[in-house]
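Reviewing the structure listed below.
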Amino acid sequence: AAKEKLDLNSASLDQLKSLAGLPEDVAENIYLYRFRRGYLTSFYQLMEVAGMTPQILGALKNQVRLMPPSERSEITRYIAELQDKLASEESPGKGALDTWESLLLRPMDVNRASVDDLMLLDNVSAVDAAAVVRHVRTQGAIKDWRSLRRNVRGLSNYGFLNMRNYITLNPRTEYFRCDGNYRLKASWDDRLDGGDEEDVRHLRASLQASINAFSPGSASYDTMTTRMILTQAGWAQNDIDNLKNRLIAERDYLSSMPNFGSIQHRLTTNLGSHIKLGGLWYQEAYDRQAWAKGYAQISDLGPWRKLILGNYRVVIGQGLVMDNTDDDFYASRRTSRAAGLFGDITTSQEFSLRGLAMEAKLWRLKPLFFYSEDRKDGILNRDGTVSCYLVSDPRFPQFRDVFGEKTAGFSLSADLEGILKLPVGTKVGVSGYQARYDRTFRPSPADLDMPGDKAELNDPNFLELWSGDTRRVGGMFFRTVVDNLSIEGEAASQEHGGHAWLLSTRLQYETVYLLWIQRRYDIDFDNPYSRG
């Protein structure tokens, strides 16, 4: 009888290693891939595994099969995903990590906290925050944990557990205290994995093929060379030579990149109750140039809640006008975000702000102002104008810090609770910013696309990008909480561009949350600090 095929979704590591033609390290990678990403749904999904090649895949084809996973394996996957989320610096809450760490050292006084303050905490909803503030306003100060959990109507057990470690009921009077924390993070990123499109050898080979295509007889995909194609498209010989030289420089940069791993030093220090310092030094794998961030912050001096000099984050409303916290794919989908002004020592580079920012509280008004000057990565056209921002890994010198950005912005919100019997947690606000560039933006498909191939950039997603040297974006936002229902929204508009709006609601019960979010971005709403 033929040997029974091995089920890849249930096989142990030893069973995987026993397969003929499968190297031991690739077997380990399959096992880790399945653990981190979940069960396999297609045999050809194995090509995503580090080290997998078509030859190895062919050797496995008649030895393995795919069966639906058991419930237990699904639970294991969910636990692994939760561990990854909590342990990762790049998790959905990465921008608030610094705030949470500070509050672990010096918890927030829950009896003086506002709805906005409590919403800074991870997974504390507007409904939970408004319930606590409403109780303090109507019933008086909360004096013990039992009262907070049992007597605050509308505060869910989940919200209570999430805020418990970051708040205090009995703040101590402090004259001077110095504390802080230091974190060292080191990792090894091996970018020599076969079959990975981010593999350094793959990138280098791709660049070499593009360089060869400039010379006759080297372009295997066509009888026309790149030089001939670009000449017929109207490119000057000098521009063609510059393109070829840039590709050669990129290839040489990849060939000479060292890999000593990545290392990160991160330090925050509190000096007394009003001064805070933060710093980050980061050397990324395969990058010869380390970089740093830092800030100094003064807090709670009269009406000034925060004054920050250095790197900072600004999150306003639902992030349609300004949210420079993240550059990940999921930022625009979030049903909640911590809004306000924060010192920034995260590893995000391209959308960081550096300069001066301040936030105040004047009766019901909360003004915020910020100014930043920084250099940004981008793709330049042949005439020296900017085609678009660029976020790349690795950061090639040819694209690094190629244009300057001077940004000034503001936010002004008003707390409306009690006015015309509006509920606790109701607020409205306006915001806007202006960014001036030392190079003009001009999206140009002719500078980025190979003429005559099957993939054309000549479509609205590219052509409708913003052009000019001064970008202006403005908007309005609101929030209200009615019992166990919260509604938040924002609308934004870009000068000489499109519009965007977002509406988010949460209906909250003790054990069930119903969340709904709807958003719309016009194609020509091209706001780099929203990135919808």
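Residue names in the structure tokens use chain letters A, B, ... in the order shown, residue numbers from 1 in each chain, and ligand numbers from 1 in the order shown.
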Would you list the contacts of Asp144 of chain A as a PDB file with all heavy atoms, in the first residue's frame, taking every protein, DNA or RNA residue within 12 Å and counting only C-alpha atoms, but skipping same-chain residues closer than 2 positions in sequence?
ATOM      1  N   VAL A 110      -8.127  59.532  39.052  1.00  0.00           N
ATOM      2  CA  VAL A 110      -9.376  59.274  38.352  1.00  0.00           C
ATOM      3  C   VAL A 110     -10.445  60.303  38.707  1.00  0.00           C
ATOM      4  O   VAL A 110     -11.349  60.572  37.905  1.00  0.00           O
ATOM      5  CB  VAL A 110      -9.870  57.848  38.676  1.00  0.00           C
ATOM      6  CG1 VAL A 110     -10.361  57.747  40.113  1.00  0.00           C
ATOM      7  CG2 VAL A 110     -10.952  57.407  37.701  1.00  0.00           C
ATOM      8  N   ASN A 111     -10.351  60.907  39.884  1.00  0.00           N
ATOM      9  CA  ASN A 111     -11.357  61.888  40.291  1.00  0.00           C
ATOM     10  C   ASN A 111     -11.167  63.256  39.640  1.00  0.00           C
ATOM     11  O   ASN A 111     -12.039  64.113  39.745  1.00  0.00           O
ATOM     12  CB  ASN A 111     -11.348  62.037  41.815  1.00  0.00           C
ATOM     13  CG  ASN A 111     -11.898  60.801  42.506  1.00  0.00           C
ATOM     14  OD1 ASN A 111     -13.004  60.352  42.209  1.00  0.00           O
ATOM     15  ND2 ASN A 111     -11.120  60.225  43.418  1.00  0.00           N
ATOM     16  N   ALA A 141     -16.501  62.225  44.727  1.00  0.00           N
ATOM     17  CA  ALA A 141     -15.265  61.493  44.481  1.00  0.00           C
ATOM     18  C   ALA A 141     -15.416  60.003  44.762  1.00  0.00           C
ATOM     19  O   ALA A 141     -16.130  59.589  45.680  1.00  0.00           O
ATOM     20  CB  ALA A 141     -14.138  62.067  45.333  1.00  0.00           C
ATOM     21  N   ILE A 142     -14.732  59.211  43.947  1.00  0.00           N
ATOM     22  CA  ILE A 142     -14.674  57.762  44.139  1.00  0.00           C
ATOM     23  C   ILE A 142     -13.552  57.481  45.140  1.00  0.00           C
ATOM     24  O   ILE A 142     -12.399  57.848  44.910  1.00  0.00           O
ATOM     25  CB  ILE A 142     -14.408  57.047  42.803  1.00  0.00           C
ATOM     26  CG1 ILE A 142     -15.516  57.390  41.806  1.00  0.00           C
ATOM     27  CG2 ILE A 142     -14.310  55.547  43.000  1.00  0.00           C
ATOM     28  CD1 ILE A 142     -15.221  56.940  40.390  1.00  0.00           C
ATOM     29  N   ARG A 146     -13.841  49.199  45.176  1.00  0.00           N
ATOM     30  CA  ARG A 146     -15.148  48.555  45.152  1.00  0.00           C
ATOM     31  C   ARG A 146     -16.215  49.500  44.616  1.00  0.00           C
ATOM     32  O   ARG A 146     -17.063  49.123  43.807  1.00  0.00           O
ATOM     33  CB  ARG A 146     -15.523  48.074  46.556  1.00  0.00           C
ATOM     34  CG  ARG A 146     -16.886  47.397  46.630  1.00  0.00           C
ATOM     35  CD  ARG A 146     -17.228  47.014  48.069  1.00  0.00           C
ATOM     36  NE  ARG A 146     -18.563  46.470  48.169  1.00  0.00           N
ATOM     37  CZ  ARG A 146     -18.868  45.202  47.983  1.00  0.00           C
ATOM     38  NH1 ARG A 146     -17.911  44.331  47.685  1.00  0.00           N
ATOM     39  NH2 ARG A 146     -20.111  44.768  48.105  1.00  0.00           N
ATOM     40  N   SER A 147     -16.151  50.763  45.049  1.00  0.00           N
ATOM     41  CA  SER A 147     -17.120  51.751  44.566  1.00  0.00           C
ATOM     42  C   SER A 147     -16.955  51.996  43.071  1.00  0.00           C
ATOM     43  O   SER A 147     -17.939  52.154  42.341  1.00  0.00           O
ATOM     44  CB  SER A 147     -16.958  53.059  45.341  1.00  0.00           C
ATOM     45  OG  SER A 147     -17.249  52.876  46.710  1.00  0.00           O
ATOM     46  N   LEU A 148     -15.700  52.022  42.613  1.00  0.00           N
ATOM     47  CA  LEU A 148     -15.458  52.243  41.186  1.00  0.00           C
ATOM     48  C   LEU A 148     -16.065  51.110  40.361  1.00  0.00           C
ATOM     49  O   LEU A 148     -16.711  51.355  39.339  1.00  0.00           O
ATOM     50  CB  LEU A 148     -13.958  52.360  40.920  1.00  0.00           C
ATOM     51  CG  LEU A 148     -13.526  52.496  39.451  1.00  0.00           C
ATOM     52  CD1 LEU A 148     -14.119  53.766  38.833  1.00  0.00           C
ATOM     53  CD2 LEU A 148     -12.005  52.517  39.328  1.00  0.00           C
ATOM     54  N   ARG A 149     -15.880  49.884  40.831  1.00  0.00           N
ATOM     55  CA  ARG A 149     -16.370  48.751  40.041  1.00  0.00           C
ATOM     56  C   ARG A 149     -17.877  48.560  40.177  1.00  0.00           C
ATOM     57  O   ARG A 149     -18.572  48.271  39.191  1.00  0.00           O
ATOM     58  CB  ARG A 149     -15.642  47.463  40.483  1.00  0.00           C
ATOM     59  CG  ARG A 149     -16.149  46.214  39.773  1.00  0.00           C
ATOM     60  CD  ARG A 149     -15.888  46.308  38.280  1.00  0.00           C
ATOM     61  NE  ARG A 149     -16.686  45.349  37.508  1.00  0.00           N
ATOM     62  CZ  ARG A 149     -17.813  45.625  36.898  1.00  0.00           C
ATOM     63  NH1 ARG A 149     -18.331  46.846  36.959  1.00  0.00           N
ATOM     64  NH2 ARG A 149     -18.439  44.711  36.202  1.00  0.00           N
ATOM     65  N   ARG A 150     -18.420  48.718  41.381  1.00  0.00           N
ATOM     66  CA  ARG A 150     -19.817  48.361  41.627  1.00  0.00           C
ATOM     67  C   ARG A 150     -20.797  49.519  41.439  1.00  0.00           C
ATOM     68  O   ARG A 150     -21.947  49.299  41.035  1.00  0.00           O
ATOM     69  CB  ARG A 150     -19.954  47.826  43.051  1.00  0.00           C
ATOM     70  CG  ARG A 150     -19.141  46.567  43.335  1.00  0.00           C
ATOM     71  CD  ARG A 150     -19.707  45.373  42.609  1.00  0.00           C
ATOM     72  NE  ARG A 150     -18.940  44.148  42.881  1.00  0.00           N
ATOM     73  CZ  ARG A 150     -19.141  43.364  43.921  1.00  0.00           C
ATOM     74  NH1 ARG A 150     -20.080  43.678  44.803  1.00  0.00           N
ATOM     75  NH2 ARG A 150     -18.415  42.282  44.085  1.00  0.00           N
ATOM     76  N   ASN A 151     -20.374  50.736  41.738  1.00  0.00           N
ATOM     77  CA  ASN A 151     -21.331  51.851  41.823  1.00  0.00           C
ATOM     78  C   ASN A 151     -21.361  52.760  40.596  1.00  0.00           C
ATOM     79  O   ASN A 151     -22.258  53.601  40.483  1.00  0.00           O
ATOM     80  CB  ASN A 151     -21.045  52.699  43.066  1.00  0.00           C
ATOM     81  CG  ASN A 151     -21.195  51.901  44.349  1.00  0.00           C
ATOM     82  OD1 ASN A 151     -21.899  50.903  44.379  1.00  0.00           O
ATOM     83  ND2 ASN A 151     -20.522  52.343  45.405  1.00  0.00           N
ATOM     84  N   VAL A 152     -20.384  52.651  39.714  1.00  0.00           N
ATOM     85  CA  VAL A 152     -20.348  53.521  38.535  1.00  0.00           C
ATOM     86  C   VAL A 152     -21.214  52.903  37.440  1.00  0.00           C
ATOM     87  O   VAL A 152     -20.824  51.918  36.805  1.00  0.00           O
ATOM     88  CB  VAL A 152     -18.905  53.733  38.044  1.00  0.00           C
ATOM     89  CG1 VAL A 152     -18.906  54.574  36.775  1.00  0.00           C
ATOM     90  CG2 VAL A 152     -18.065  54.393  39.130  1.00  0.00           C
ATOM     91  N   ARG A 164      -7.517  49.930  35.421  1.00  0.00           N
ATOM     92  CA  ARG A 164      -7.158  49.741  36.826  1.00  0.00           C
ATOM     93  C   ARG A 164      -5.689  50.040  37.134  1.00  0.00           C
ATOM     94  O   ARG A 164      -5.376  50.673  38.154  1.00  0.00           O
ATOM     95  CB  ARG A 164      -7.485  48.302  37.231  1.00  0.00           C
ATOM     96  CG  ARG A 164      -7.183  47.964  38.675  1.00  0.00           C
ATOM     97  CD  ARG A 164      -7.643  46.563  39.001  1.00  0.00           C
ATOM     98  NE  ARG A 164      -7.074  45.591  38.066  1.00  0.00           N
ATOM     99  CZ  ARG A 164      -7.395  44.302  38.067  1.00  0.00           C
ATOM    100  NH1 ARG A 164      -8.299  43.848  38.927  1.00  0.00           N
ATOM    101  NH2 ARG A 164      -6.840  43.462  37.200  1.00  0.00           N
ATOM    102  N   ILE A 167      -4.610  54.182  36.952  1.00  0.00           N
ATOM    103  CA  ILE A 167      -5.289  55.247  37.686  1.00  0.00           C
ATOM    104  C   ILE A 167      -5.060  55.069  39.179  1.00  0.00           C
ATOM    105  O   ILE A 167      -4.685  53.990  39.652  1.00  0.00           O
ATOM    106  CB  ILE A 167      -6.804  55.261  37.392  1.00  0.00           C
ATOM    107  CG1 ILE A 167      -7.450  53.933  37.838  1.00  0.00           C
ATOM    108  CG2 ILE A 167      -7.080  55.535  35.928  1.00  0.00           C
ATOM    109  CD1 ILE A 167      -8.963  53.918  37.721  1.00  0.00           C
ATOM    110  N   THR A 168      -5.279  56.130  39.928  1.00  0.00           N
ATOM    111  CA  THR A 168      -5.201  56.075  41.381  1.00  0.00           C
ATOM    112  C   THR A 168      -6.402  56.797  41.972  1.00  0.00           C
ATOM    113  O   THR A 168      -6.938  57.734  41.373  1.00  0.00           O
ATOM    114  CB  THR A 168      -3.888  56.707  41.896  1.00  0.00           C
ATOM    115  OG1 THR A 168      -3.846  56.607  43.319  1.00  0.00           O
ATOM    116  CG2 THR A 168      -3.799  58.177  41.496  1.00  0.00           C
ATOM    117  N   LEU A 169      -6.823  56.353  43.155  1.00  0.00           N
ATOM    118  CA  LEU A 169      -7.930  56.994  43.863  1.00  0.00           C
ATOM    119  C   LEU A 169      -7.431  57.922  44.963  1.00  0.00           C
ATOM    120  O   LEU A 169      -8.166  58.786  45.417  1.00  0.00           O
ATOM    121  CB  LEU A 169      -8.849  55.921  44.473  1.00  0.00           C
ATOM    122  CG  LEU A 169      -9.415  54.876  43.499  1.00  0.00           C
ATOM    123  CD1 LEU A 169     -10.216  53.829  44.260  1.00  0.00           C
ATOM    124  CD2 LEU A 169     -10.272  55.540  42.445  1.00  0.00           C
ATOM    125  N   ASN A 170      -6.183  57.728  45.372  1.00  0.00           N
ATOM    126  CA  ASN A 170      -5.607  58.525  46.460  1.00  0.00           C
ATOM    127  C   ASN A 170      -4.226  59.025  46.068  1.00  0.00           C
ATOM    128  O   ASN A 170      -3.202  58.466  46.485  1.00  0.00           O
ATOM    129  CB  ASN A 170      -5.520  57.683  47.747  1.00  0.00           C
ATOM    130  CG  ASN A 170      -6.861  57.152  48.192  1.00  0.00           C
ATOM    131  OD1 ASN A 170      -7.752  57.916  48.528  1.00  0.00           O
ATOM    132  ND2 ASN A 170      -7.012  55.824  48.175  1.00  0.00           N
TER     133      ASN A 170
END
So that I can check the surroundings of segment 256-264 of chain A, please list as number ranges by chain every protein, DNA and RNA residue that reaches within 10 Å of it, counting only C-alpha atoms and ignoring chain neighbours fewer than 2 positions away.
A: 183-191, 200, 251-254, 266, 280-288, 290, 292, 347, 394
Using only C-alpha atoms, pick whichever of A:Leu301, A:Ala20, A:Val386, A:Ile248 has the shortest atom-to-atom distance to Asp438 of chain A.
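Of A:Leu301, A:Ala20, A:Val386, A:Ile248, the one nearest Asp438 of chain A, counting only C-alpha atoms, is A:Val386.
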Between atom CA of Met476 of chain A and atom CA of Gly409 of chain A, what distance in Å does the model show, to one decimal?
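Between these atoms lies a distance of 13.7 Å.
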Expressed in Å to a single decimal, how great is the separation between atom CA of Ser299 of chain A and atom CA of Lys276 of chain A?
8.1 Å
I'd like the neighbourhood of segment 397-402 of chain A as a list in words, where a residue qualifies if any of its atoms comes within 9 Å (using only C-alpha atoms), though same-chain residues fewer than 3 positions away should be ignored.
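Result of the neighbour search: Arg246, Ala249, Glu250, Tyr253, Asp374, Arg375, Lys376, Asp377, Gly378, Ile379, Leu380, Val386, Leu390, Ser392 and Arg439 of chain A.
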